[in-house]
file coords-v6.txt (compact mmCIF, C-alpha atoms)
# COMPACT_ATOMS: atom_id res chain seq x y z
CA MET X 1 -47.04 -57.35 58.11
CA ASP X 2 -46.34 -57.38 54.38
CA ASN X 3 -49.24 -59.00 52.49
CA SER X 4 -47.93 -58.28 49.01
CA GLY X 5 -45.72 -60.15 46.55
CA GLU X 6 -44.26 -63.35 47.92
CA ASN X 7 -45.95 -62.76 51.29
CA GLY X 8 -49.41 -62.28 49.82
CA PRO X 9 -52.21 -64.83 50.20
CA ASP X 10 -52.07 -65.93 46.55
CA ALA X 11 -48.33 -66.59 46.65
CA ILE X 12 -48.55 -68.44 49.97
CA GLY X 13 -51.48 -70.51 48.68
CA LYS X 14 -49.61 -71.45 45.51
CA ARG X 15 -46.52 -72.48 47.49
CA ALA X 16 -48.64 -74.63 49.81
CA PHE X 17 -50.30 -76.24 46.80
CA GLU X 18 -46.94 -77.08 45.22
CA ILE X 19 -45.82 -78.74 48.45
CA LEU X 20 -49.00 -80.86 48.45
CA ARG X 21 -48.51 -81.79 44.81
CA TYR X 22 -44.98 -82.93 45.54
CA HIS X 23 -45.82 -84.98 48.62
CA LEU X 24 -49.08 -86.64 47.56
CA LYS X 25 -49.07 -89.82 45.51
CA GLY X 26 -50.42 -88.80 42.11
CA GLY X 27 -50.10 -85.15 43.12
CA GLU X 28 -48.67 -84.19 39.75
CA THR X 29 -52.17 -84.52 38.30
CA LEU X 30 -53.69 -82.01 40.74
CA GLU X 31 -54.70 -78.58 39.49
CA LEU X 32 -55.22 -75.49 41.58
CA GLU X 33 -58.77 -74.28 41.07
CA SER X 34 -58.84 -71.24 43.35
CA ILE X 35 -57.43 -69.66 46.48
CA LYS X 36 -59.74 -68.24 49.14
CA VAL X 37 -58.58 -66.01 51.96
CA GLY X 38 -60.72 -65.60 55.05
CA MET X 39 -60.55 -62.97 57.72
CA ARG X 40 -59.32 -64.14 61.10
CA PRO X 41 -61.97 -63.69 63.75
CA THR X 42 -61.05 -61.00 66.23
CA LEU X 43 -63.26 -61.34 69.26
CA GLU X 44 -64.16 -58.36 71.41
CA ASP X 45 -62.53 -59.74 74.56
CA GLY X 46 -59.86 -61.85 72.85
CA TYR X 47 -61.22 -65.17 74.10
CA PRO X 48 -62.71 -67.97 71.97
CA ILE X 49 -66.39 -68.66 71.56
CA VAL X 50 -67.09 -72.38 71.95
CA GLY X 51 -70.41 -74.08 72.52
CA PHE X 52 -74.00 -74.24 71.40
CA HIS X 53 -75.69 -71.06 70.26
CA ASP X 54 -78.22 -69.81 72.79
CA ARG X 55 -81.00 -69.19 70.27
CA ILE X 56 -80.29 -71.40 67.25
CA GLN X 57 -80.93 -75.02 68.15
CA GLY X 58 -78.23 -77.40 66.95
CA LEU X 59 -75.65 -74.72 66.05
CA TYR X 60 -72.32 -75.36 67.75
CA LEU X 61 -69.66 -72.67 67.44
CA ALA X 62 -65.88 -72.91 67.72
CA VAL X 63 -64.53 -69.46 66.87
CA MET X 64 -61.09 -68.25 67.85
CA HIS X 65 -58.15 -66.25 66.55
CA SER X 66 -55.42 -68.68 67.55
CA ALA X 67 -56.90 -71.80 65.97
CA ILE X 68 -53.61 -73.61 65.43
CA THR X 69 -52.56 -73.16 69.04
CA LEU X 70 -55.94 -73.97 70.54
CA ALA X 71 -57.15 -76.57 68.04
CA PRO X 72 -56.05 -79.72 69.89
CA ILE X 73 -57.61 -78.88 73.27
CA ILE X 74 -60.70 -77.19 71.80
CA SER X 75 -61.25 -80.20 69.53
CA ARG X 76 -61.11 -82.60 72.45
CA LEU X 77 -63.40 -80.52 74.68
CA ALA X 78 -65.86 -79.72 71.90
CA SER X 79 -66.06 -83.34 70.81
CA ASN X 80 -66.81 -84.33 74.42
CA GLU X 81 -69.64 -81.82 74.51
CA LEU X 82 -71.08 -82.95 71.20
CA MET X 83 -70.66 -86.70 71.60
CA ASP X 84 -71.55 -86.99 75.28
CA ASN X 85 -74.09 -84.15 75.44
CA VAL X 86 -72.28 -82.57 78.40
CA GLN X 87 -70.97 -79.10 79.16
CA MET X 88 -67.24 -79.06 79.82
CA LYS X 89 -66.36 -76.77 82.71
CA GLU X 90 -63.09 -75.84 80.95
CA LEU X 91 -65.17 -74.06 78.29
CA GLU X 92 -67.36 -72.11 80.72
CA ASN X 93 -65.63 -68.79 79.96
CA CYS X 94 -65.87 -69.40 76.21
CA ARG X 95 -69.66 -69.33 75.87
CA LEU X 96 -71.33 -66.87 73.53
CA SER X 97 -73.69 -65.95 76.36
CA ARG X 98 -70.89 -63.92 78.00
CA PHE X 99 -71.63 -61.06 75.59

call {"tool": "encode", "arguments": {"input": "coords-v6.txt", "output": "structure tokens"}}
result
Amino acid sequence: MDNSGENGPDAIGKRAFEILRYHLKGGETLELESIKVGMRPTLEDGYPIVGFHDRIQGLYLAVMHSAITLAPIISRLASNELMDNVQMKELENCRLSRF
């Protein structure tokens, strides 16, 4: 993968910003302050981590590499767990405790 020039994070971020400026009402007044690039999480076994942390009360994790692909289903399941205080069986294999 080429991360330089027009394929680099800065160039991609600037292009995305220009698209937003064009499509948002009043977007022409927006200014780009900064671009941040994060590392994609690469989990040891390749599966997501979703659920409450075993030792830190109140910390709910949703960590995965393929966030765009998994976001809709993970969002629904995680919101069920958080809102209804239940454990979704579909997320059983995604618990941090498996490590």

call {"tool": "closest_residue", "arguments": {"input": "coords-v6.txt", "among": "X:Cys94, X:Leu20, X:Ile49, X:Ala62", "to": "Ala78 of chain X", "atoms": "only C-alpha atoms"}}
result
X:Ala62

call {"tool": "residues_near_point", "arguments": {"input": "coords-v6.txt", "point": "(-63.1, -64.1, 64.4)", "cutoff": "8 Å", "atoms": "all atoms listed in the file", "output": "PDB file with C-alpha atoms, in the frame of the given file"}}
result
ATOM      1  CA  MET X  39     -60.550 -62.970  57.720  1.00  0.00           C
ATOM      2  CA  ARG X  40     -59.320 -64.140  61.100  1.00  0.00           C
ATOM      3  CA  PRO X  41     -61.970 -63.690  63.750  1.00  0.00           C
ATOM      4  CA  THR X  42     -61.050 -61.000  66.230  1.00  0.00           C
ATOM      5  CA  LEU X  43     -63.260 -61.340  69.260  1.00  0.00           C
ATOM      6  CA  VAL X  63     -64.530 -69.460  66.870  1.00  0.00           C
ATOM      7  CA  MET X  64     -61.090 -68.250  67.850  1.00  0.00           C
ATOM      8  CA  HIS X  65     -58.150 -66.250  66.550  1.00  0.00           C
TER       9      HIS X  65
END

call {"tool": "residues_around", "arguments": {"input": "coords-v6.txt", "residues": "Ser97 of chain X", "least_positions_apart": "2", "cutoff": "9 Å", "atoms": "only C-alpha atoms", "output": "PyMOL selection string"}}
result
chain X and resi 53-54+94-95+99

call {"tool": "write_last_selection", "arguments": {"input": "coords-v6.txt", "atoms": "C-alpha atoms", "output": "PDB file, in the coordinates of the input"}}
result
ATOM      1  CA  HIS X  53     -75.690 -71.060  70.260  1.00  0.00           C
ATOM      2  CA  ASP X  54     -78.220 -69.810  72.790  1.00  0.00           C
ATOM      3  CA  CYS X  94     -65.870 -69.400  76.210  1.00  0.00           C
ATOM      4  CA  ARG X  95     -69.660 -69.330  75.870  1.00  0.00           C
ATOM      5  CA  PHE X  99     -71.630 -61.060  75.590  1.00  0.00           C
TER       6      PHE X  99
END

call {"tool": "atom_distance", "arguments": {"input": "coords-v6.txt", "atom1": "atom CA of Glu44 of chain X", "atom2": "atom CA of Gln87 of chain X"}}
result
23.2 Å

call {"tool": "closest_residue", "arguments": {"input": "coords-v6.txt", "among": "X:Ala16, X:Leu30, X:Val50, X:Ala11", "to": "Asn93 of chain X", "atoms": "only C-alpha atoms"}}
result
X:Val50

call {"tool": "closest_residue", "arguments": {"input": "coords-v6.txt", "among": "X:Leu24, X:Ile19, X:Leu96, X:Leu32", "to": "Tyr60 of chain X", "atoms": "all atoms listed in the file"}}
result
X:Leu96

call {"tool": "closest_residue", "arguments": {"input": "coords-v6.txt", "among": "X:Leu91, X:Leu82, X:Val37, X:Leu77", "to": "Gly58 of chain X", "atoms": "only C-alpha atoms"}}
result
X:Leu82

call {"tool": "closest_residue", "arguments": {"input": "coords-v6.txt", "among": "X:Asp10, X:Lys89, X:Arg15, X:Glu81", "to": "Phe52 of chain X", "atoms": "all atoms listed in the file"}}
result
X:Glu81

call {"tool": "atom_distance", "arguments": {"input": "coords-v6.txt", "atom1": "atom CA of Lys14 of chain X", "atom2": "atom CA of Lys36 of chain X"}}
result
11.2 Å

call {"tool": "atom_distance", "arguments": {"input": "coords-v6.txt", "atom1": "atom CA of Arg76 of chain X", "atom2": "atom CA of Phe17 of chain X"}}
result
28.6 Å

call {"tool": "closest_residue", "arguments": {"input": "coords-v6.txt", "among": "X:Ile35, X:Ile74, X:Leu61, X:Val86", "to": "Gly8 of chain X", "atoms": "all atoms listed in the file"}}
result
X:Ile35

call {"tool": "decode", "arguments": {"input": "coords-v6.txt", "residues": "segment 9-24 of chain X", "atoms": "all heavy atoms", "output": "PDB file, in the first residue's frame"}}
result
ATOM      1  N   PRO X   9      -2.088  10.001   4.267  1.00  0.00           N
ATOM      2  CA  PRO X   9      -3.170  10.421   5.168  1.00  0.00           C
ATOM      3  C   PRO X   9      -3.505  11.900   5.062  1.00  0.00           C
ATOM      4  O   PRO X   9      -4.676  12.273   5.094  1.00  0.00           O
ATOM      5  CB  PRO X   9      -2.644  10.080   6.560  1.00  0.00           C
ATOM      6  CG  PRO X   9      -1.453   9.234   6.362  1.00  0.00           C
ATOM      7  CD  PRO X   9      -0.992   9.374   4.963  1.00  0.00           C
ATOM      8  N   ASP X  10      -2.497  12.757   4.921  1.00  0.00           N
ATOM      9  CA  ASP X  10      -2.771  14.194   4.824  1.00  0.00           C
ATOM     10  C   ASP X  10      -3.572  14.517   3.573  1.00  0.00           C
ATOM     11  O   ASP X  10      -4.550  15.265   3.617  1.00  0.00           O
ATOM     12  CB  ASP X  10      -1.469  15.001   4.824  1.00  0.00           C
ATOM     13  CG  ASP X  10      -0.836  15.073   6.201  1.00  0.00           C
ATOM     14  OD1 ASP X  10      -1.551  14.855   7.194  1.00  0.00           O
ATOM     15  OD2 ASP X  10       0.370  15.346   6.279  1.00  0.00           O
ATOM     16  N   ALA X  11      -3.163  13.947   2.436  1.00  0.00           N
ATOM     17  CA  ALA X  11      -3.855  14.213   1.178  1.00  0.00           C
ATOM     18  C   ALA X  11      -5.286  13.679   1.210  1.00  0.00           C
ATOM     19  O   ALA X  11      -6.226  14.354   0.762  1.00  0.00           O
ATOM     20  CB  ALA X  11      -3.083  13.591   0.014  1.00  0.00           C
ATOM     21  N   ILE X  12      -5.461  12.491   1.746  1.00  0.00           N
ATOM     22  CA  ILE X  12      -6.810  11.908   1.847  1.00  0.00           C
ATOM     23  C   ILE X  12      -7.679  12.751   2.773  1.00  0.00           C
ATOM     24  O   ILE X  12      -8.837  13.030   2.477  1.00  0.00           O
ATOM     25  CB  ILE X  12      -6.732  10.449   2.319  1.00  0.00           C
ATOM     26  CG1 ILE X  12      -6.096   9.597   1.217  1.00  0.00           C
ATOM     27  CG2 ILE X  12      -8.112   9.916   2.691  1.00  0.00           C
ATOM     28  CD1 ILE X  12      -5.758   8.188   1.639  1.00  0.00           C
ATOM     29  N   GLY X  13      -7.123  13.180   3.900  1.00  0.00           N
ATOM     30  CA  GLY X  13      -7.859  14.023   4.837  1.00  0.00           C
ATOM     31  C   GLY X  13      -8.281  15.341   4.218  1.00  0.00           C
ATOM     32  O   GLY X  13      -9.411  15.799   4.405  1.00  0.00           O
ATOM     33  N   LYS X  14      -7.383  15.950   3.451  1.00  0.00           N
ATOM     34  CA  LYS X  14      -7.703  17.229   2.803  1.00  0.00           C
ATOM     35  C   LYS X  14      -8.787  17.050   1.738  1.00  0.00           C
ATOM     36  O   LYS X  14      -9.673  17.901   1.604  1.00  0.00           O
ATOM     37  CB  LYS X  14      -6.441  17.839   2.210  1.00  0.00           C
ATOM     38  CG  LYS X  14      -5.511  18.382   3.278  1.00  0.00           C
ATOM     39  CD  LYS X  14      -4.211  18.888   2.704  1.00  0.00           C
ATOM     40  CE  LYS X  14      -3.291  19.323   3.844  1.00  0.00           C
ATOM     41  NZ  LYS X  14      -1.950  19.658   3.388  1.00  0.00           N
ATOM     42  N   ARG X  15      -8.730  15.958   0.985  1.00  0.00           N
ATOM     43  CA  ARG X  15      -9.779  15.701  -0.006  1.00  0.00           C
ATOM     44  C   ARG X  15     -11.132  15.488   0.675  1.00  0.00           C
ATOM     45  O   ARG X  15     -12.163  16.014   0.223  1.00  0.00           O
ATOM     46  CB  ARG X  15      -9.421  14.495  -0.871  1.00  0.00           C
ATOM     47  CG  ARG X  15      -8.357  14.784  -1.907  1.00  0.00           C
ATOM     48  CD  ARG X  15      -8.283  13.730  -2.993  1.00  0.00           C
ATOM     49  NE  ARG X  15      -8.088  12.379  -2.539  1.00  0.00           N
ATOM     50  CZ  ARG X  15      -6.905  11.798  -2.317  1.00  0.00           C
ATOM     51  NH1 ARG X  15      -5.793  12.477  -2.506  1.00  0.00           N
ATOM     52  NH2 ARG X  15      -6.843  10.545  -1.925  1.00  0.00           N
ATOM     53  N   ALA X  16     -11.146  14.728   1.758  1.00  0.00           N
ATOM     54  CA  ALA X  16     -12.394  14.497   2.493  1.00  0.00           C
ATOM     55  C   ALA X  16     -12.951  15.816   3.022  1.00  0.00           C
ATOM     56  O   ALA X  16     -14.160  16.065   2.957  1.00  0.00           O
ATOM     57  CB  ALA X  16     -12.157  13.514   3.638  1.00  0.00           C
ATOM     58  N   PHE X  17     -12.071  16.671   3.519  1.00  0.00           N
ATOM     59  CA  PHE X  17     -12.502  17.968   4.035  1.00  0.00           C
ATOM     60  C   PHE X  17     -13.126  18.821   2.931  1.00  0.00           C
ATOM     61  O   PHE X  17     -14.161  19.458   3.128  1.00  0.00           O
ATOM     62  CB  PHE X  17     -11.318  18.702   4.672  1.00  0.00           C
ATOM     63  CG  PHE X  17     -11.659  20.084   5.136  1.00  0.00           C
ATOM     64  CD1 PHE X  17     -12.462  20.267   6.249  1.00  0.00           C
ATOM     65  CD2 PHE X  17     -11.196  21.192   4.449  1.00  0.00           C
ATOM     66  CE1 PHE X  17     -12.795  21.542   6.675  1.00  0.00           C
ATOM     67  CE2 PHE X  17     -11.528  22.470   4.858  1.00  0.00           C
ATOM     68  CZ  PHE X  17     -12.328  22.643   5.978  1.00  0.00           C
ATOM     69  N   GLU X  18     -12.512  18.827   1.758  1.00  0.00           N
ATOM     70  CA  GLU X  18     -13.051  19.609   0.646  1.00  0.00           C
ATOM     71  C   GLU X  18     -14.430  19.104   0.227  1.00  0.00           C
ATOM     72  O   GLU X  18     -15.309  19.899  -0.123  1.00  0.00           O
ATOM     73  CB  GLU X  18     -12.087  19.613  -0.542  1.00  0.00           C
ATOM     74  CG  GLU X  18     -10.838  20.445  -0.301  1.00  0.00           C
ATOM     75  CD  GLU X  18     -11.142  21.893   0.103  1.00  0.00           C
ATOM     76  OE1 GLU X  18     -12.077  22.504  -0.464  1.00  0.00           O
ATOM     77  OE2 GLU X  18     -10.462  22.406   1.002  1.00  0.00           O
ATOM     78  N   ILE X  19     -14.635  17.808   0.274  1.00  0.00           N
ATOM     79  CA  ILE X  19     -15.952  17.253  -0.039  1.00  0.00           C
ATOM     80  C   ILE X  19     -16.980  17.736   0.984  1.00  0.00           C
ATOM     81  O   ILE X  19     -18.091  18.139   0.630  1.00  0.00           O
ATOM     82  CB  ILE X  19     -15.897  15.711  -0.096  1.00  0.00           C
ATOM     83  CG1 ILE X  19     -15.091  15.281  -1.327  1.00  0.00           C
ATOM     84  CG2 ILE X  19     -17.296  15.104  -0.112  1.00  0.00           C
ATOM     85  CD1 ILE X  19     -14.725  13.807  -1.345  1.00  0.00           C
ATOM     86  N   LEU X  20     -16.613  17.718   2.263  1.00  0.00           N
ATOM     87  CA  LEU X  20     -17.517  18.218   3.305  1.00  0.00           C
ATOM     88  C   LEU X  20     -17.826  19.696   3.103  1.00  0.00           C
ATOM     89  O   LEU X  20     -18.976  20.122   3.215  1.00  0.00           O
ATOM     90  CB  LEU X  20     -16.904  18.007   4.685  1.00  0.00           C
ATOM     91  CG  LEU X  20     -16.876  16.581   5.192  1.00  0.00           C
ATOM     92  CD1 LEU X  20     -16.089  16.497   6.490  1.00  0.00           C
ATOM     93  CD2 LEU X  20     -18.287  16.057   5.389  1.00  0.00           C
ATOM     94  N   ARG X  21     -16.806  20.475   2.818  1.00  0.00           N
ATOM     95  CA  ARG X  21     -17.013  21.910   2.602  1.00  0.00           C
ATOM     96  C   ARG X  21     -18.010  22.149   1.480  1.00  0.00           C
ATOM     97  O   ARG X  21     -18.865  23.029   1.563  1.00  0.00           O
ATOM     98  CB  ARG X  21     -15.692  22.599   2.246  1.00  0.00           C
ATOM     99  CG  ARG X  21     -14.778  22.794   3.432  1.00  0.00           C
ATOM    100  CD  ARG X  21     -13.578  23.577   3.049  1.00  0.00           C
ATOM    101  NE  ARG X  21     -14.015  24.961   2.818  1.00  0.00           N
ATOM    102  CZ  ARG X  21     -13.218  25.923   2.405  1.00  0.00           C
ATOM    103  NH1 ARG X  21     -11.964  25.681   2.141  1.00  0.00           N
ATOM    104  NH2 ARG X  21     -13.668  27.125   2.230  1.00  0.00           N
ATOM    105  N   TYR X  22     -17.898  21.367   0.433  1.00  0.00           N
ATOM    106  CA  TYR X  22     -18.758  21.545  -0.728  1.00  0.00           C
ATOM    107  C   TYR X  22     -20.205  21.153  -0.433  1.00  0.00           C
ATOM    108  O   TYR X  22     -21.136  21.797  -0.889  1.00  0.00           O
ATOM    109  CB  TYR X  22     -18.206  20.726  -1.906  1.00  0.00           C
ATOM    110  CG  TYR X  22     -19.046  20.819  -3.150  1.00  0.00           C
ATOM    111  CD1 TYR X  22     -18.969  21.941  -3.972  1.00  0.00           C
ATOM    112  CD2 TYR X  22     -19.926  19.808  -3.486  1.00  0.00           C
ATOM    113  CE1 TYR X  22     -19.755  22.040  -5.106  1.00  0.00           C
ATOM    114  CE2 TYR X  22     -20.716  19.898  -4.623  1.00  0.00           C
ATOM    115  CZ  TYR X  22     -20.630  21.016  -5.431  1.00  0.00           C
ATOM    116  OH  TYR X  22     -21.410  21.110  -6.548  1.00  0.00           O
ATOM    117  N   HIS X  23     -20.387  20.108   0.339  1.00  0.00           N
ATOM    118  CA  HIS X  23     -21.730  19.560   0.543  1.00  0.00           C
ATOM    119  C   HIS X  23     -22.464  20.110   1.764  1.00  0.00           C
ATOM    120  O   HIS X  23     -23.671  19.892   1.893  1.00  0.00           O
ATOM    121  CB  HIS X  23     -21.665  18.028   0.633  1.00  0.00           C
ATOM    122  CG  HIS X  23     -21.371  17.392  -0.690  1.00  0.00           C
ATOM    123  ND1 HIS X  23     -22.283  17.346  -1.713  1.00  0.00           N
ATOM    124  CD2 HIS X  23     -20.254  16.803  -1.164  1.00  0.00           C
ATOM    125  CE1 HIS X  23     -21.747  16.742  -2.757  1.00  0.00           C
ATOM    126  NE2 HIS X  23     -20.514  16.410  -2.458  1.00  0.00           N
ATOM    127  N   LEU X  24     -21.785  20.767   2.665  1.00  0.00           N
ATOM    128  CA  LEU X  24     -22.448  21.320   3.849  1.00  0.00           C
ATOM    129  C   LEU X  24     -22.882  22.758   3.611  1.00  0.00           C
ATOM    130  O   LEU X  24     -22.133  23.564   3.048  1.00  0.00           O
ATOM    131  CB  LEU X  24     -21.513  21.271   5.057  1.00  0.00           C
ATOM    132  CG  LEU X  24     -21.175  19.900   5.612  1.00  0.00           C
ATOM    133  CD1 LEU X  24     -20.140  20.026   6.725  1.00  0.00           C
ATOM    134  CD2 LEU X  24     -22.419  19.202   6.126  1.00  0.00           C
TER     135      LEU X  24
END
